[in-house]
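Content type mmCIF, C-alpha atoms, from the file entry-v9.cif:
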data_input
loop_
_atom_site.label_atom_id
_atom_site.label_comp_id
_atom_site.auth_asym_id
_atom_site.auth_seq_id
_atom_site.Cartn_x
_atom_site.Cartn_y
_atom_site.Cartn_z
CA MET F 1 7.77 -57.48 3.28
CA GLU F 2 8.96 -56.92 -0.26
CA ASP F 3 8.39 -53.78 -2.28
CA THR F 4 6.08 -55.32 -4.86
CA PHE F 5 4.07 -52.22 -5.64
CA LYS F 6 4.56 -50.27 -8.85
CA TYR F 7 4.20 -46.52 -8.60
CA HIS F 8 3.91 -43.75 -11.13
CA TYR F 9 5.36 -40.67 -9.50
CA LEU F 10 5.61 -37.34 -11.21
CA GLU F 11 9.04 -36.60 -12.60
CA LEU F 12 9.93 -33.90 -10.09
CA VAL F 13 13.63 -34.53 -9.78
CA GLU F 14 14.85 -38.07 -10.22
CA ASN F 15 17.24 -38.39 -7.30
CA TYR F 16 14.82 -36.81 -4.81
CA MET F 17 11.88 -38.99 -5.80
CA ASN F 18 13.91 -42.21 -5.87
CA VAL F 19 15.77 -41.71 -2.59
CA ALA F 20 12.79 -40.32 -0.69
CA SER F 21 10.42 -42.96 -2.09
CA ASN F 22 12.63 -45.86 -1.03
CA MET F 23 13.19 -44.34 2.40
CA LEU F 24 9.52 -43.61 3.04
CA TRP F 25 8.40 -46.99 1.72
CA GLU F 26 10.59 -48.59 4.38
CA ASP F 27 9.18 -46.23 7.02
CA ALA F 28 5.61 -47.15 6.05
CA ALA F 29 6.50 -50.86 6.08
CA ASN F 30 8.17 -50.57 9.48
CA SER F 31 5.14 -48.75 10.87
CA THR F 32 2.99 -51.66 9.73
CA ARG F 33 5.33 -54.26 11.22
CA ILE F 34 5.56 -52.49 14.57
CA LEU F 35 1.80 -51.94 14.81
CA SER F 36 1.19 -55.61 14.05
CA HIS F 37 3.84 -56.77 16.52
CA TYR F 38 2.69 -54.71 19.50
CA PHE F 39 -1.05 -54.47 18.85
CA SER F 40 -1.83 -57.45 16.55
CA LYS F 41 -3.85 -55.33 14.16
CA LYS F 42 -3.81 -53.67 10.79
CA PRO F 43 -4.21 -49.90 10.65
CA LYS F 44 -7.67 -48.49 10.08
CA VAL F 45 -6.80 -44.80 10.53
CA ILE F 46 -3.47 -43.25 9.46
CA LEU F 47 -2.48 -39.59 9.71
CA ASP F 48 0.34 -38.18 7.61
CA ILE F 49 1.26 -34.82 9.14
CA GLY F 50 3.68 -33.14 6.77
CA ALA F 51 2.94 -35.22 3.67
CA CYS F 52 5.11 -33.24 1.21
CA VAL F 53 4.52 -34.86 -2.22
CA GLY F 54 2.66 -37.82 -0.69
CA LEU F 55 5.19 -40.65 -0.67
CA PHE F 56 4.39 -42.02 2.82
CA SER F 57 0.65 -41.62 2.18
CA ILE F 58 0.77 -43.43 -1.16
CA HIS F 59 2.90 -46.28 0.17
CA SER F 60 0.52 -46.66 3.14
CA ALA F 61 -2.52 -46.55 0.85
CA LYS F 62 -1.09 -49.32 -1.33
CA MET F 63 -0.28 -51.45 1.71
CA HIS F 64 -3.64 -50.80 3.38
CA PRO F 65 -6.33 -50.13 0.76
CA ASN F 66 -9.09 -50.36 3.38
CA ALA F 67 -7.49 -47.84 5.76
CA LYS F 68 -8.65 -44.25 6.10
CA ILE F 69 -5.66 -42.00 5.49
CA ILE F 70 -5.80 -38.27 6.21
CA SER F 71 -2.80 -36.27 5.01
CA PHE F 72 -1.76 -32.67 5.63
CA GLU F 73 0.49 -30.59 3.41
CA PRO F 74 0.38 -26.79 3.67
CA ILE F 75 2.79 -25.86 0.85
CA PRO F 76 0.80 -25.35 -2.40
CA GLU F 77 3.69 -26.53 -4.61
CA SER F 78 4.07 -29.79 -2.69
CA TYR F 79 0.31 -30.27 -2.36
CA ASN F 80 -0.26 -29.93 -6.10
CA ILE F 81 2.33 -32.64 -6.79
CA PHE F 82 0.79 -34.76 -4.03
CA THR F 83 -2.69 -34.67 -5.55
CA GLN F 84 -1.34 -35.45 -9.01
CA ASN F 85 0.57 -38.40 -7.54
CA LEU F 86 -2.67 -39.67 -5.97
CA GLU F 87 -4.44 -39.43 -9.31
CA LYS F 88 -1.64 -41.09 -11.28
CA ASN F 89 -1.55 -43.98 -8.81
CA ASN F 90 -5.35 -44.39 -8.62
CA ILE F 91 -5.36 -43.83 -4.87
CA THR F 92 -8.87 -43.39 -3.46
CA ASN F 93 -8.43 -43.89 0.30
CA VAL F 94 -6.33 -40.78 0.99
CA THR F 95 -7.90 -37.45 1.95
CA ALA F 96 -5.33 -34.77 1.12
CA ILE F 97 -5.75 -31.47 2.97
CA ASN F 98 -3.90 -28.36 1.79
CA LYS F 99 -3.26 -27.13 5.32
CA GLY F 100 -0.68 -27.67 8.00
CA LEU F 101 -1.50 -28.52 11.60
CA TYR F 102 -0.71 -26.22 14.47
CA SER F 103 -2.15 -24.92 17.73
CA GLU F 104 -4.45 -22.41 16.00
CA GLU F 105 -6.08 -21.49 12.69
CA LYS F 106 -4.05 -18.92 10.81
CA THR F 107 -2.13 -17.99 7.69
CA VAL F 108 1.66 -17.96 8.01
CA THR F 109 4.75 -17.53 5.88
CA PHE F 110 6.82 -20.66 5.29
CA SER F 111 10.41 -20.37 4.10
CA LEU F 112 13.15 -22.63 2.73
CA PRO F 113 16.70 -22.90 4.06
CA ARG F 114 19.67 -21.87 1.97
CA PRO F 115 20.71 -24.40 -0.70
CA GLU F 116 24.25 -24.84 0.64
CA THR F 117 22.86 -26.39 3.83
CA LEU F 118 21.32 -29.32 1.95
CA LYS F 119 22.81 -32.76 1.50
CA PRO F 120 23.64 -33.51 -2.14
CA GLY F 121 21.88 -36.45 -3.76
CA VAL F 122 18.93 -36.40 -1.40
CA LEU F 123 17.03 -33.27 -2.31
CA GLN F 124 16.40 -31.84 -5.72
CA ASN F 125 19.30 -30.36 -7.62
CA ASP F 126 17.67 -27.45 -9.40
CA GLY F 127 19.15 -24.63 -7.34
CA MET F 128 16.20 -24.69 -4.95
CA PRO F 129 16.13 -26.67 -1.68
CA GLY F 130 13.89 -29.69 -1.24
CA LEU F 131 10.17 -29.20 -0.88
CA GLY F 132 10.17 -31.06 2.41
CA ARG F 133 12.31 -28.43 4.13
CA TYR F 134 9.75 -25.61 4.30
CA THR F 135 9.21 -24.30 7.85
CA MET F 136 7.24 -21.52 9.47
CA PHE F 137 10.20 -20.77 11.74
CA ASN F 138 13.30 -18.71 11.04
CA ASN F 139 16.18 -17.23 12.99
CA SER F 140 13.95 -14.61 14.63
CA THR F 141 11.83 -17.25 16.40
CA ASN F 142 12.53 -18.73 19.80
CA ASN F 143 12.18 -22.44 19.10
CA LEU F 144 15.47 -22.90 17.24
CA ASP F 145 18.16 -24.63 19.26
CA ARG F 146 20.75 -21.87 19.42
CA SER F 147 23.40 -24.21 20.75
CA LEU F 148 23.79 -25.67 17.25
CA PRO F 149 26.33 -23.51 15.41
CA GLY F 150 25.44 -22.72 11.84
CA TRP F 151 21.73 -23.51 12.09
CA LEU F 152 20.62 -19.99 12.90
CA ASP F 153 21.50 -18.71 9.44
CA ASN F 154 19.71 -21.48 7.57
CA TRP F 155 16.22 -19.98 7.70
CA ASP F 156 16.61 -16.33 6.81
CA ASN F 157 13.59 -16.02 4.43
CA GLY F 158 16.07 -15.13 1.70
CA VAL F 159 15.70 -18.20 -0.52
CA LYS F 160 11.99 -18.68 -1.09
CA SER F 161 8.85 -18.06 0.96
CA VAL F 162 5.17 -18.84 0.53
CA GLU F 163 1.93 -18.16 2.36
CA ALA F 164 0.14 -21.25 3.68
CA GLN F 165 -2.86 -22.13 5.83
CA LEU F 166 -2.83 -23.84 9.23
CA THR F 167 -5.62 -25.59 11.11
CA THR F 168 -5.84 -27.56 14.34
CA LEU F 169 -5.98 -31.30 14.82
CA ASN F 170 -9.03 -30.83 17.04
CA ASN F 171 -10.89 -29.32 14.08
CA ILE F 172 -9.94 -32.33 11.96
CA ILE F 173 -11.02 -34.75 14.69
CA THR F 174 -14.49 -33.19 14.70
CA LYS F 175 -14.85 -32.91 10.93
CA HIS F 176 -13.75 -36.48 10.17
CA ASN F 177 -15.22 -38.09 13.29
CA ILE F 178 -12.04 -39.77 14.50
CA GLN F 179 -10.99 -40.17 18.12
CA SER F 180 -7.61 -41.81 17.55
CA ALA F 181 -5.23 -43.12 14.89
CA ASP F 182 -3.40 -46.38 14.54
CA ILE F 183 -0.38 -44.75 12.85
CA ILE F 184 0.60 -41.10 13.00
CA LYS F 185 3.55 -39.99 10.90
CA ILE F 186 4.65 -36.50 11.91
CA ASP F 187 7.40 -34.51 10.21
CA CYS F 188 6.61 -30.82 10.09
CA GLU F 189 9.88 -28.97 10.64
CA GLY F 190 9.41 -27.66 14.15
CA ALA F 191 5.63 -27.64 14.68
CA GLU F 192 5.50 -31.13 16.17
CA ILE F 193 5.42 -30.17 19.84
CA ASP F 194 2.70 -27.55 19.37
CA ILE F 195 0.55 -30.11 17.54
CA LEU F 196 1.01 -32.73 20.26
CA ASN F 197 0.33 -30.35 23.13
CA ASN F 198 -2.89 -29.07 21.58
CA ALA F 199 -4.32 -32.54 20.86
CA GLU F 200 -2.96 -34.46 23.82
CA GLN F 201 -5.94 -36.77 24.31
CA PHE F 202 -5.96 -37.75 20.65
CA PHE F 203 -2.33 -38.81 20.83
CA ARG F 204 -2.88 -40.61 24.13
CA ASN F 205 -5.67 -42.60 22.42
CA SER F 206 -3.51 -43.47 19.40
CA LYS F 207 -1.26 -46.50 18.90
CA LEU F 208 1.95 -45.62 17.06
CA VAL F 209 3.78 -42.38 16.26
CA PHE F 210 6.51 -42.29 13.64
CA ALA F 211 8.30 -38.96 14.17
CA GLU F 212 11.25 -37.18 12.69
CA HIS F 213 13.19 -35.51 15.48
CA HIS F 214 14.79 -32.31 14.20
CA PRO F 215 17.80 -31.35 16.33
CA GLU F 216 17.56 -27.70 15.30
CA PHE F 217 13.92 -27.48 16.47
CA ASP F 218 13.58 -30.05 19.25
CA GLN F 219 15.24 -27.98 21.96
CA HIS F 220 17.36 -30.90 23.17
CA ASP F 221 14.70 -33.44 22.18
CA GLU F 222 11.64 -31.93 23.77
CA LEU F 223 9.62 -34.01 21.31
CA ALA F 224 10.92 -37.21 22.95
CA ALA F 225 10.09 -35.83 26.39
CA THR F 226 6.57 -34.93 25.26
CA LEU F 227 5.87 -38.36 23.78
CA THR F 228 7.25 -40.01 26.92
CA ARG F 229 4.93 -37.87 29.04
CA PHE F 230 2.04 -39.06 26.85
CA ASN F 231 2.96 -42.66 27.79
CA PHE F 232 4.80 -43.54 24.57
CA GLN F 233 7.95 -45.64 24.39
CA CYS F 234 10.56 -45.51 21.63
CA VAL F 235 10.88 -49.02 20.17
CA ALA F 236 12.93 -48.41 17.01
CA GLY F 237 15.29 -45.79 15.66
CA GLU F 238 16.64 -44.74 19.05
CA LYS F 239 19.91 -43.52 17.53
CA SER F 240 18.29 -42.02 14.44
CA HIS F 241 16.37 -38.81 13.80
CA ASN F 242 13.46 -41.03 12.68
CA LYS F 243 11.97 -42.80 15.69
CA PHE F 244 9.02 -45.15 16.20
CA TRP F 245 7.00 -44.72 19.37
CA ILE F 246 4.28 -47.05 20.68
CA ASN F 247 1.61 -46.29 23.24
CA LYS F 248 2.37 -48.34 26.36
CA LYS F 249 -1.13 -48.34 27.84
#

Conversion result in structure tokens:
Amino acid sequence: MEDTFKYHYLELVENYMNVASNMLWEDAANSTRILSHYFSKKPKVILDIGACVGLFSIHSAKMHPNAKIISFEPIPESYNIFTQNLEKNNITNVTAINKGLYSEEKTVTFSLPRPETLKPGVLQNDGMPGLGRYTMFNNSTNNLDRSLPGWLDNWDNGVKSVEAQLTTLNNIITKHNIQSADIIKIDCEGAEIDILNNAEQFFRNSKLVFAEHHPEFDQHDELAATLTRFNFQCVAGEKSHNKFWINKK
């Protein structure tokens, strides 16, 4: 599949948008290929959990204009860019929700890691870390993998913090009348396992999960163990942080 689509992204920071766009286009394309290979179908329902500025959602919408895409981004700064990107690209099949998913409804503080922990050339270079690195967890929480030296000081709430809203996937299931998804992309900086465990049947009914496995949050890859328990099998990206899982049933 060639990248034949032309996009009109906001000029956030050139290197971030270019690198992330190319990477997430390939992820969206691979999700399509894998779904077609294992299930012989095109996606009708796609969830983008942790949409950031909407790159995966927009690529998926261009590839699948008849699909229903529901995207979640709790950070107001990222969400505002996301909705402008949808408008500039004339995307009409994406429902953007300015909330994150979690095990309960609540308002929480999200924070960014310190700039010196970021990889140059991948995230924006304006003295502030990348938008996609916001997390509700910091070094006072229990879910950080404390065997990783250096990670504990990354999230100290000293760089930037923002209040954001959370909801549950079960609430979304009811509101949008969906019982499963063909593709679920999930990258939400440590909240993945809580989301899975509180919507287990929805995931068990779904076809493909594209997940970023965060070593600092996964507690020795608990996310992989959870997906395996839900009857998923990793079929691509085994040696990467970005893995593709298909439902074996």

Pick out the closest residue to Ser78 of chain F from this set: F:Val235, F:Val94, F:Ala61, F:Val162. Count all atoms listed in the file.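 The closest residue to Ser78 of chain F is F:Val162.
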
Measuring atom to atom with all atoms listed in the file, identify which of F:Leu208, F:Leu196, F:Lys249, F:Thr167 is nearest to Ala225 of chain F.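 Closest to Ala225 of chain F, using all atoms listed in the file: F:Leu196.
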
List every protein, DNA or RNA residue with an atom no more than 8 Å from (3.4, -29.9, -0.2) in the file's coordinates, counting all atoms listed in the file, and format the result as a PyMOL selection string. chain F and resi 50-54+73-82+98+131-132

Residue contacts of Ser40 of chain F (12 Å, only C-alpha atoms) excluding same-chain residues fewer than 6 positions away, as a ChimeraX atom specification: /F:32-34,182,207

Where does the PyMOL selection byres ((chain F and resi 206) around 12) land in this file, that is, which residues does it pick, as an NGL selection string? :F and (35 or 39 or 43-47 or 178-185 or 196 or 199-205 or 207-210 or 227 or 230-232 or 245-249)

What are the closest atom pairs, with distances in Å to one decimal, for each residue of segment 38-72 of chain F lying within 6 Å of segment 20-30 of chain F, using all atoms listed in the file, rows by chain and rising residue number, as JSON lines?
{"residue": "F:Leu55", "atom": "CA", "partner": "F:Ser21", "partner_atom": "CA", "distance": 5.9}
{"residue": "F:Phe56", "atom": "CA", "partner": "F:Leu24", "partner_atom": "CA", "distance": 5.4}
{"residue": "F:His59", "atom": "CA", "partner": "F:Trp25", "partner_atom": "CA", "distance": 5.8}
{"residue": "F:Ser60", "atom": "CA", "partner": "F:Ala28", "partner_atom": "CA", "distance": 5.9}

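Atom CA of Lys243 of chain F is found 20.5 Å from atom CA of Met63 of chain F.
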
Atom CA of Ala211 of chain F and atom CA of Asp48 of chain F, how far apart in Å?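 Going from atom CA of Asp48 of chain F over to atom CA of Ala211 of chain F covers 10.3 Å.
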
If the box runs along x, y and z of the file and leaves 3 Å on each side of segment 75-89 of chain F, what are its centre and edge lengths in Å, one decimal, as JSON?
{"center_x": -0.2, "center_y": -34.7, "center_z": -5.2, "size_x": 14.5, "size_y": 24.6, "size_z": 18.1}

Could you tell me which residues the PyMOL selection byres ((chain F and resi 110) around 7) returns for this structure, as a PyMOL selection string? chain F and resi 108-109+111+134-136+161-164

Take atom CA of Asn170 of chain F and atom CA of Ala191 of chain F and report the distance between them in Å, one decimal.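 Spanning atom CA of Asn170 of chain F to atom CA of Ala191 of chain F is a straight-line distance of 15.2 Å.
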
Could you tell me which residues the PyMOL selection byres ((chain F and resi 168) around 9) grabs in this file, written as a list of chain:residue names?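 Given this file, the PyMOL selection byres ((chain F and resi 168) around 9) evaluates to F:Gly100, F:Leu101, F:Tyr102, F:Ser103, F:Glu104, F:Glu105, F:Leu166, F:Thr167, F:Leu169, F:Asn170, F:Asn171, F:Ile172, F:Ile173, F:Ile195, F:Asn198, F:Ala199.
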
Could segment 58-81 of chain F be completed with N, CA and C atoms and returned as a short mmCIF file (atom, residue, chain, number, x, y, z; two decimals), in the frame of the given file?
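Now in rebuild-v8.cif:
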data_model
loop_
_atom_site.label_atom_id
_atom_site.label_comp_id
_atom_site.auth_asym_id
_atom_site.auth_seq_id
_atom_site.Cartn_x
_atom_site.Cartn_y
_atom_site.Cartn_z
N ILE F 58 1.03 -42.52 -0.04
CA ILE F 58 0.77 -43.43 -1.16
C ILE F 58 1.24 -44.84 -0.83
N HIS F 59 2.43 -44.96 -0.24
CA HIS F 59 2.90 -46.28 0.17
C HIS F 59 1.91 -46.90 1.16
N SER F 60 1.45 -46.14 2.14
CA SER F 60 0.52 -46.66 3.14
C SER F 60 -0.80 -47.05 2.50
N ALA F 61 -1.26 -46.26 1.54
CA ALA F 61 -2.52 -46.55 0.85
C ALA F 61 -2.43 -47.84 0.05
N LYS F 62 -1.28 -48.09 -0.58
CA LYS F 62 -1.09 -49.32 -1.33
C LYS F 62 -1.03 -50.53 -0.40
N MET F 63 -0.39 -50.35 0.75
CA MET F 63 -0.28 -51.45 1.71
C MET F 63 -1.61 -51.73 2.39
N HIS F 64 -2.41 -50.68 2.60
CA HIS F 64 -3.64 -50.80 3.38
C HIS F 64 -4.80 -50.13 2.64
N PRO F 65 -5.30 -50.77 1.59
CA PRO F 65 -6.33 -50.13 0.76
C PRO F 65 -7.64 -49.89 1.49
N ASN F 66 -7.85 -50.55 2.62
CA ASN F 66 -9.09 -50.36 3.38
C ASN F 66 -8.93 -49.35 4.51
N ALA F 67 -7.72 -48.82 4.69
CA ALA F 67 -7.49 -47.84 5.76
C ALA F 67 -7.97 -46.45 5.33
N LYS F 68 -8.32 -45.66 6.32
CA LYS F 68 -8.65 -44.25 6.10
C LYS F 68 -7.41 -43.43 6.38
N ILE F 69 -6.90 -42.76 5.36
CA ILE F 69 -5.66 -42.00 5.49
C ILE F 69 -5.96 -40.52 5.29
N ILE F 70 -5.59 -39.72 6.27
CA ILE F 70 -5.80 -38.27 6.21
C ILE F 70 -4.43 -37.62 6.23
N SER F 71 -4.15 -36.80 5.21
CA SER F 71 -2.80 -36.27 5.01
C SER F 71 -2.85 -34.75 4.94
N PHE F 72 -1.81 -34.13 5.52
CA PHE F 72 -1.76 -32.67 5.63
C PHE F 72 -0.49 -32.15 4.97
N GLU F 73 -0.66 -31.23 4.04
CA GLU F 73 0.49 -30.59 3.41
C GLU F 73 0.15 -29.14 3.10
N PRO F 74 0.76 -28.20 3.83
CA PRO F 74 0.38 -26.79 3.67
C PRO F 74 0.96 -26.09 2.44
N ILE F 75 2.10 -26.57 1.92
CA ILE F 75 2.79 -25.86 0.85
C ILE F 75 2.09 -26.14 -0.49
N PRO F 76 1.55 -25.11 -1.16
CA PRO F 76 0.80 -25.35 -2.40
C PRO F 76 1.59 -26.13 -3.45
N GLU F 77 2.87 -25.84 -3.61
CA GLU F 77 3.69 -26.53 -4.61
C GLU F 77 3.76 -28.03 -4.31
N SER F 78 4.01 -28.37 -3.07
CA SER F 78 4.07 -29.79 -2.69
C SER F 78 2.70 -30.43 -2.80
N TYR F 79 1.66 -29.73 -2.34
CA TYR F 79 0.31 -30.27 -2.36
C TYR F 79 -0.16 -30.57 -3.78
N ASN F 80 0.16 -29.71 -4.71
CA ASN F 80 -0.26 -29.93 -6.10
C ASN F 80 0.39 -31.20 -6.67
N ILE F 81 1.66 -31.42 -6.35
CA ILE F 81 2.33 -32.64 -6.79
C ILE F 81 1.72 -33.85 -6.08
#
